[in-house]
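Next comes start.txt, a file with compact mmCIF, C-alpha atoms.
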# COMPACT_ATOMS: atom_id res chain seq x y z
CA MET A 30 -3.93 7.08 28.15
CA VAL A 31 -5.85 4.55 26.07
CA MET A 32 -2.56 3.47 24.52
CA VAL A 33 -0.99 2.95 27.94
CA ILE A 34 -3.91 0.78 29.02
CA ALA A 35 -3.78 -1.20 25.77
CA MET A 36 -0.06 -1.80 26.21
CA ALA A 37 -0.28 -2.70 29.86
CA GLN A 38 -2.88 -5.39 29.40
CA TYR A 39 -0.44 -7.91 27.85
CA ASP A 40 1.69 -9.79 30.29
CA PHE A 41 4.23 -12.08 28.66
CA SER A 42 3.52 -15.14 30.77
CA GLN A 43 -0.20 -14.77 30.10
CA VAL A 44 0.41 -14.42 26.38
CA TYR A 45 2.62 -17.51 26.53
CA ALA A 46 0.00 -19.52 28.39
CA ALA A 47 -2.77 -18.46 26.02
CA HIS A 48 -0.93 -18.98 22.74
CA LYS A 49 1.74 -21.64 23.31
CA GLU A 50 -0.37 -24.40 21.74
CA MET A 51 -1.21 -22.35 18.67
CA VAL A 52 2.44 -21.45 18.16
CA TRP A 53 3.58 -25.05 18.63
CA LYS A 54 1.00 -26.23 16.11
CA LEU A 55 2.19 -23.67 13.56
CA VAL A 56 5.85 -24.35 14.23
CA SER A 57 5.26 -28.10 13.81
CA ARG A 58 3.97 -27.49 10.31
CA TYR A 59 6.92 -25.38 9.26
CA VAL A 60 9.80 -27.53 10.56
CA PHE A 61 9.82 -31.24 11.26
CA SER A 62 12.54 -32.21 13.72
CA GLN A 63 11.96 -31.89 17.46
CA GLN A 64 15.10 -29.81 17.91
CA ASP A 65 14.15 -27.37 15.14
CA ARG A 66 10.64 -27.05 16.50
CA GLU A 67 11.88 -26.22 19.99
CA ASP A 68 14.42 -23.73 18.65
CA LEU A 69 11.87 -22.03 16.43
CA PHE A 70 9.24 -22.03 19.18
CA GLN A 71 11.63 -20.26 21.55
CA GLU A 72 12.71 -17.84 18.85
CA VAL A 73 9.08 -16.91 18.19
CA PHE A 74 8.38 -16.22 21.86
CA LEU A 75 11.56 -14.16 22.20
CA LYS A 76 10.31 -12.01 19.31
CA ILE A 77 6.89 -11.77 20.95
CA HIS A 78 8.54 -10.69 24.20
CA GLN A 79 10.56 -8.06 22.36
CA GLY A 80 7.56 -6.68 20.51
CA LEU A 81 4.89 -6.95 23.18
CA ASN A 82 5.53 -3.44 24.54
CA ARG A 83 5.12 -1.99 21.07
CA PHE A 84 2.03 -4.01 20.16
CA GLU A 85 -0.73 -1.47 19.72
CA GLY A 86 -3.59 -3.85 19.19
CA ARG A 87 -4.44 -2.62 15.70
CA SER A 88 -4.86 -6.25 14.64
CA GLY A 89 -5.87 -9.06 16.98
CA ILE A 90 -3.06 -10.49 19.08
CA GLN A 91 -3.57 -13.88 17.44
CA THR A 92 -3.02 -12.37 13.99
CA TRP A 93 0.04 -10.53 15.27
CA ILE A 94 1.48 -13.73 16.76
CA PHE A 95 0.76 -15.63 13.55
CA ARG A 96 2.65 -13.00 11.53
CA ILE A 97 5.61 -13.21 13.89
CA THR A 98 5.59 -17.00 13.75
CA ALA A 99 5.42 -17.13 9.96
CA ASN A 100 8.19 -14.57 9.43
CA THR A 101 10.43 -16.09 12.10
CA ALA A 102 9.91 -19.50 10.49
CA LEU A 103 10.78 -18.10 7.08
CA ASN A 104 14.02 -16.60 8.41
CA PHE A 105 14.76 -19.82 10.29
CA LEU A 106 14.37 -21.86 7.09
CA LYS A 107 16.54 -19.42 5.14
CA LYS A 108 19.26 -19.69 7.77
CA GLN A 109 18.95 -23.45 7.76
CA LYS A 110 19.27 -23.59 4.00
CA ARG A 111 22.35 -21.35 4.15
CA TYR A 112 24.15 -23.42 6.77
CA GLY A 113 22.57 -26.78 5.97
CA GLY A 114 25.40 -27.84 3.68
CA LEU A 115 28.01 -27.07 6.30
CA LYS A 116 26.03 -28.96 8.95
CA ASP A 117 25.84 -32.00 6.65
CA ILE A 118 29.59 -31.97 6.12
CA LEU A 119 30.27 -31.64 9.85
CA SER A 120 27.84 -34.40 10.73
CA ARG A 121 29.49 -36.62 8.15
CA PHE A 122 32.76 -36.14 9.99
CA ARG A 123 30.89 -36.56 13.31
CA PHE A 124 31.68 -33.08 14.61
CA ILE A 125 27.93 -32.80 15.12
CA GLU A 126 26.26 -35.91 16.42
CA GLU A 127 23.02 -36.90 14.77
CA LYS A 128 20.47 -37.33 17.51
CA ASP A 129 18.63 -40.59 17.50
CA GLU A 130 15.09 -39.37 17.81
CA ASP A 131 11.78 -41.19 17.95
CA LYS A 132 9.66 -42.64 15.22
CA ASP A 133 7.90 -39.31 14.61
CA HIS A 134 11.23 -38.11 13.40
CA ASP A 135 11.25 -40.65 10.54
CA GLU A 136 8.07 -39.16 9.16
CA GLY A 137 9.47 -35.71 9.82
CA LYS A 138 12.60 -36.65 7.91
CA GLU A 139 10.50 -37.84 5.00
CA LEU A 140 8.54 -34.59 4.96
CA SER A 141 11.72 -32.55 5.31
CA LYS A 142 13.23 -34.38 2.37
CA LEU A 143 10.15 -33.79 0.27
CA LEU A 144 9.76 -30.11 1.13
CA GLY A 145 13.52 -29.62 1.16
CA LYS A 146 13.34 -29.34 -2.62
CA LEU A 147 11.52 -26.04 -2.23
CA ASN A 148 13.13 -22.77 -1.33
CA PRO A 149 12.07 -21.39 2.10
CA GLN A 150 9.59 -18.93 0.61
CA GLN A 151 7.91 -21.56 -1.58
CA ARG A 152 7.78 -23.93 1.37
CA MET A 153 6.11 -21.40 3.64
CA ILE A 154 3.60 -20.41 0.96
CA LEU A 155 2.74 -24.04 0.17
CA ILE A 156 2.17 -24.87 3.84
CA MET A 157 0.16 -21.75 4.51
CA ALA A 158 -2.02 -22.28 1.43
CA ASP A 159 -2.48 -26.05 1.32
CA VAL A 160 -2.03 -27.13 4.94
CA GLU A 161 -3.41 -24.14 6.81
CA GLU A 162 -5.82 -23.29 3.99
CA ARG A 163 -5.22 -19.56 4.18
CA LYS A 164 -6.25 -17.17 1.44
CA LEU A 165 -3.59 -15.88 -0.95
CA GLU A 166 -4.25 -12.30 0.13
CA GLU A 167 -3.66 -13.20 3.76
CA ILE A 168 -0.42 -15.01 2.90
CA ALA A 169 0.72 -12.04 0.84
CA GLN A 170 -0.02 -9.67 3.71
CA THR A 171 1.66 -11.87 6.30
CA LEU A 172 4.86 -12.38 4.32
CA ASP A 173 4.79 -8.87 2.88
CA LEU A 174 4.76 -10.05 -0.73
CA PRO A 175 2.64 -9.15 -3.78
CA VAL A 176 -0.28 -11.54 -4.36
CA GLY A 177 1.12 -12.38 -7.81
CA THR A 178 4.38 -13.55 -6.28
CA VAL A 179 2.51 -15.73 -3.81
CA LYS A 180 0.44 -17.22 -6.61
CA SER A 181 3.41 -18.04 -8.83
CA ASN A 182 5.43 -19.43 -5.92
CA LEU A 183 2.53 -21.62 -4.88
CA HIS A 184 2.09 -22.97 -8.40
CA ARG A 185 5.80 -23.72 -8.70
CA ALA A 186 5.95 -25.30 -5.23
CA ARG A 187 3.02 -27.61 -5.99
CA GLU A 188 4.66 -28.69 -9.22
CA ILE A 189 7.96 -29.45 -7.52
CA VAL A 190 6.35 -31.44 -4.71
CA LYS A 191 4.13 -33.43 -7.04
CA LYS A 192 7.11 -34.22 -9.24
CA GLU A 193 9.12 -35.32 -6.22
CA MET A 194 6.26 -37.50 -4.99
CA ASN A 195 5.94 -39.17 -8.37
CA LYS A 196 9.67 -39.76 -8.45
CA ASN A 197 9.53 -41.44 -5.04
CA GLU A 198 6.61 -43.55 -6.21
CA GLY A 199 8.63 -44.78 -9.12
CA ILE A 200 11.43 -46.12 -6.90
CA MET B 21 -0.16 -43.82 -5.32
CA ARG B 22 0.34 -41.24 -2.65
CA GLU B 23 -1.88 -38.30 -3.36
CA TYR B 24 -0.72 -34.74 -3.05
CA GLU B 25 -3.71 -33.96 -0.82
CA GLY B 26 -2.55 -36.62 1.63
CA LEU B 27 0.60 -34.64 2.21
CA ALA B 28 -1.30 -31.76 3.81
CA GLY B 29 -2.95 -34.13 6.26
CA LYS B 30 0.38 -35.72 7.06
CA ILE B 31 1.92 -32.35 7.83
CA ARG B 32 -1.06 -31.40 9.99
CA GLU B 33 -0.80 -34.64 11.99
CA ASN B 34 2.96 -34.53 12.42
CA GLN B 35 3.15 -32.55 15.64
CA GLY B 36 5.67 -34.02 18.03
CA ARG B 37 5.70 -33.53 21.78
CA ALA B 38 5.95 -30.18 23.47
CA ASP B 39 7.23 -29.65 27.00
CA TYR B 40 5.85 -26.15 27.48
CA ASP B 41 7.20 -25.64 31.02
CA ARG B 42 10.76 -26.55 30.06
CA MET B 43 10.60 -24.33 26.98
CA PHE B 44 9.20 -21.45 29.03
CA GLU B 45 12.13 -21.78 31.44
CA ARG B 46 14.55 -21.66 28.52
CA ILE B 47 12.83 -18.61 27.07
CA GLN B 48 13.05 -16.86 30.46
CA GLU B 49 16.75 -17.75 30.68
CA ARG B 50 17.37 -16.34 27.23
CA ILE B 51 15.42 -13.17 28.06
CA SER B 52 17.45 -12.55 31.22
CA ARG B 53 20.71 -13.35 29.38
CA ARG B 54 19.73 -10.89 26.69
CA ARG B 55 18.91 -8.24 29.31
CA THR B 56 22.33 -8.73 30.93
CA GLU B 57 24.03 -8.51 27.54
CA MET B 58 22.16 -5.33 26.72
CA ARG B 59 23.09 -3.76 30.06
CA LEU B 60 26.72 -4.70 29.53
CA ALA B 61 26.65 -3.31 26.00
CA LEU B 62 25.10 -0.08 27.27
CA ALA B 63 27.63 0.23 30.09
CA GLY B 64 30.45 -0.55 27.65
CA SER B 65 29.35 2.08 25.18
CA LEU B 66 29.03 4.66 27.98
CA VAL B 67 32.57 3.88 29.10
CA VAL B 68 33.86 4.19 25.52
CA LEU B 69 31.98 7.47 25.11
CA PHE B 70 33.41 8.80 28.36
CA LEU B 71 36.94 7.77 27.43
CA ALA B 72 36.58 9.32 23.98
CA PHE B 73 35.32 12.56 25.51
CA ALA B 74 38.06 12.61 28.13
CA GLY B 75 40.66 11.94 25.45
CA TYR B 76 39.26 14.67 23.23
CA TYR B 77 39.16 17.16 26.08
CA TYR B 78 42.45 16.42 27.79
CA TYR B 79 44.72 15.64 24.85
CA PRO B 80 45.18 19.26 23.67
CA ILE B 81 45.63 20.47 27.26
CA ARG B 82 48.35 17.91 27.88
CA GLN B 83 50.05 18.89 24.67
CA ALA B 84 49.88 22.54 25.64
CA GLU B 85 51.37 21.73 29.04
CA SER B 86 54.29 20.05 27.38
CA GLY B 87 54.79 23.20 25.30
CA GLY B 88 53.93 21.58 21.99
CA VAL B 89 50.92 22.83 20.13
CA LEU B 90 49.85 26.43 19.56
CA MET B 91 46.20 25.55 18.83
CA SER B 92 45.72 24.19 22.31
CA TYR B 93 45.63 27.78 23.57
CA VAL B 94 42.06 28.05 22.33
CA PHE B 95 41.05 26.11 25.43
CA GLU B 96 42.53 28.70 27.77
CA HIS B 97 42.16 32.39 28.38
CA GLU B 98 44.92 34.52 26.96
CA SER B 99 45.86 37.89 28.37
CA VAL B 100 47.21 40.79 26.28
CA ASP B 101 50.72 40.31 27.60
CA GLY B 102 50.45 36.53 27.57
CA PRO B 103 52.82 34.15 25.81
CA LEU B 104 50.62 33.68 22.71
CA LEU B 105 50.69 37.30 21.55
CA ASP B 106 54.31 37.50 22.61
CA TYR B 107 55.01 34.53 20.35
CA VAL B 108 52.99 35.97 17.43
CA PHE B 109 54.56 39.43 17.45
CA ASN B 110 58.06 38.80 18.68
CA GLU B 111 59.17 35.38 17.41
Rewrite the coordinates I just gave you, this time as structure tokens.
Amino acid sequence: MVMVIAMAQYDFSQVYAAHKEMVWKLVSRYVFSQQDREDLFQEVFLKIHQGLNRFEGRSGIQTWIFRITANTALNFLKKQKRYGGLKDILSRFRFIEEKDEDKDHDEGKELSKLLGKLNPQQRMILIMADVEERKLEEIAQTLDLPVGTVKSNLHRAREIVKKEMNKNEGI
Amino acid sequence: MREYEGLAGKIRENQGRADYDRMFERIQERISRRRTEMRLALAGSLVVLFLAFAGYYYYPIRQAESGGVLMSYVFEHESVDGPLLDYVFNE
């Protein structure tokens, strides 16, 4: 009975209204083009919709949504990395038109280029640790990784980014 | 020199614009499309299951009707002076 009440208290549109800004903020840190952000944002809420009936409230809903967002973003980045090369080739031959987006996109492009040197896992860990300032244990729990792996990935990611920044400085 | 720490701030500030109503509409569209797809998939698999069952059930009977397969008699009652025993003992 308690379970039924706990499950019934989450209505999707209410969850959307209450957490849309938080999800957008997170999504904006993980991907940098407007199109990617919108795609990822929708993907996250589709997952939330799918899982809402099964959400038992063992953790807070905010924590649950954060976990979904982080893992969806990680999968999104992996997919992007896998098909990124193909997309580049197609756009070179103009099968896919590059959208002319606003000036925010230039900065986004710069950030994408910089973080594009990292693999998706390193990228997520770096953002969660250095941008969102989350503890290593929390990152490990969210991404379902050992703390040691998180630590080594973070160290490597920082090195790569710093190196890339220095390289850009030198030009 | 650009500092590494500055990067975190840059990422935090880089937010873009969000049209929440439009995105909510799209999410709703995708949810209803997914529901329709799931219903179709369910209906399709029920049809396949039904056809498979019908095929499994009727195929031996049809073969028996055309006088082909002995094993198909297991689906029917056989009397003592029926054709099966007649076939076994006399042919």
Practice item. Rounded to one decimal place, report the atom CA of Arg152 of chain A-atom CA of Leu55 of chain A distance in Å. Key: 13.4 Å
Point to revise | Distance in Å - atom CA of Gln109 of chain A versus atom CA of Glu72 of chain A | key: 13.9 Å
Check your understanding: Excluding same-chain residues fewer than 2 positions from Asp39 of chain B, what lies within 12 Å of it counting all atoms listed in the file, as an MDAnalysis selection string?
Key -> (chainID A and resid 49:50 53 63 66:67 70:71) or (chainID B and resid 36:37 41:46)
Fewer than 6 positions away in the same chain doesn't count, so skip those; otherwise give me all residues within 12 Å of Val176 of chain A, counting only C-alpha atoms, as a compact mmCIF listing (two decimals) with C-alpha atoms, keeping the file's coordinate frame.
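Ended up saving to part.txt:
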# COMPACT_ATOMS: atom_id res chain seq x y z
CA ILE A 154 3.60 -20.41 0.96
CA LYS A 164 -6.25 -17.17 1.44
CA LEU A 165 -3.59 -15.88 -0.95
CA GLU A 166 -4.25 -12.30 0.13
CA GLU A 167 -3.66 -13.20 3.76
CA ILE A 168 -0.42 -15.01 2.90
CA ALA A 169 0.72 -12.04 0.84
CA GLN A 170 -0.02 -9.67 3.71
CA ASN A 182 5.43 -19.43 -5.92
CA LEU A 183 2.53 -21.62 -4.88
**Study point:** Residues of chain A within 6 Å of chain B, all atoms listed in the file counted, as a list in words
**Key:**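 Interface list for chain A against chain B: Ser57, Arg58, Gln71 and Val160 of chain A.
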Point to revise | Gap from atom CA of Glu188 of chain A to atom CA of Ala158 of chain A - Å, one decimal | key: 14.1 Å
Exercise for review: Scan for residues within 10 Å of the point (5.7, -31.6, -4.3) in the coordinates of the file, using all atoms listed in the file, and reply as a list in words.
Suggested key: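 Residues with an atom at most 10 Å from (5.7, -31.6, -4.3): Leu143, Leu144, Gly145, Lys146, Leu147, Arg152, Leu155, Arg185, Ala186, Arg187, Glu188, Ile189, Val190, Lys191, Lys192, Glu193, Met194, Asn195 and Lys196 of chain A; Tyr24 and Leu27 of chain B.
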Dump as a JSON list (two decimals), in the coordinates of the input, selection limited to C-alpha atoms:
[["chain", "number", "residue", "atom", "x", "y", "z"],
["A", 143, "LEU", "CA", 10.15, -33.79, 0.27],
["A", 144, "LEU", "CA", 9.76, -30.11, 1.13],
["A", 145, "GLY", "CA", 13.52, -29.62, 1.16],
["A", 146, "LYS", "CA", 13.34, -29.34, -2.62],
["A", 147, "LEU", "CA", 11.52, -26.04, -2.23],
["A", 152, "ARG", "CA", 7.78, -23.93, 1.37],
["A", 155, "LEU", "CA", 2.74, -24.04, 0.17],
["A", 185, "ARG", "CA", 5.80, -23.72, -8.70],
["A", 186, "ALA", "CA", 5.95, -25.30, -5.23],
["A", 187, "ARG", "CA", 3.02, -27.61, -5.99],
["A", 188, "GLU", "CA", 4.66, -28.69, -9.22],
["A", 189, "ILE", "CA", 7.96, -29.45, -7.52],
["A", 190, "VAL", "CA", 6.35, -31.44, -4.71],
["A", 191, "LYS", "CA", 4.13, -33.43, -7.04],
["A", 192, "LYS", "CA", 7.11, -34.22, -9.24],
["A", 193, "GLU", "CA", 9.12, -35.32, -6.22],
["A", 194, "MET", "CA", 6.26, -37.50, -4.99],
["A", 195, "ASN", "CA", 5.94, -39.17, -8.37],
["A", 196, "LYS", "CA", 9.67, -39.76, -8.45],
["B", 24, "TYR", "CA", -0.72, -34.74, -3.05],
["B", 27, "LEU", "CA", 0.60, -34.64, 2.21]]
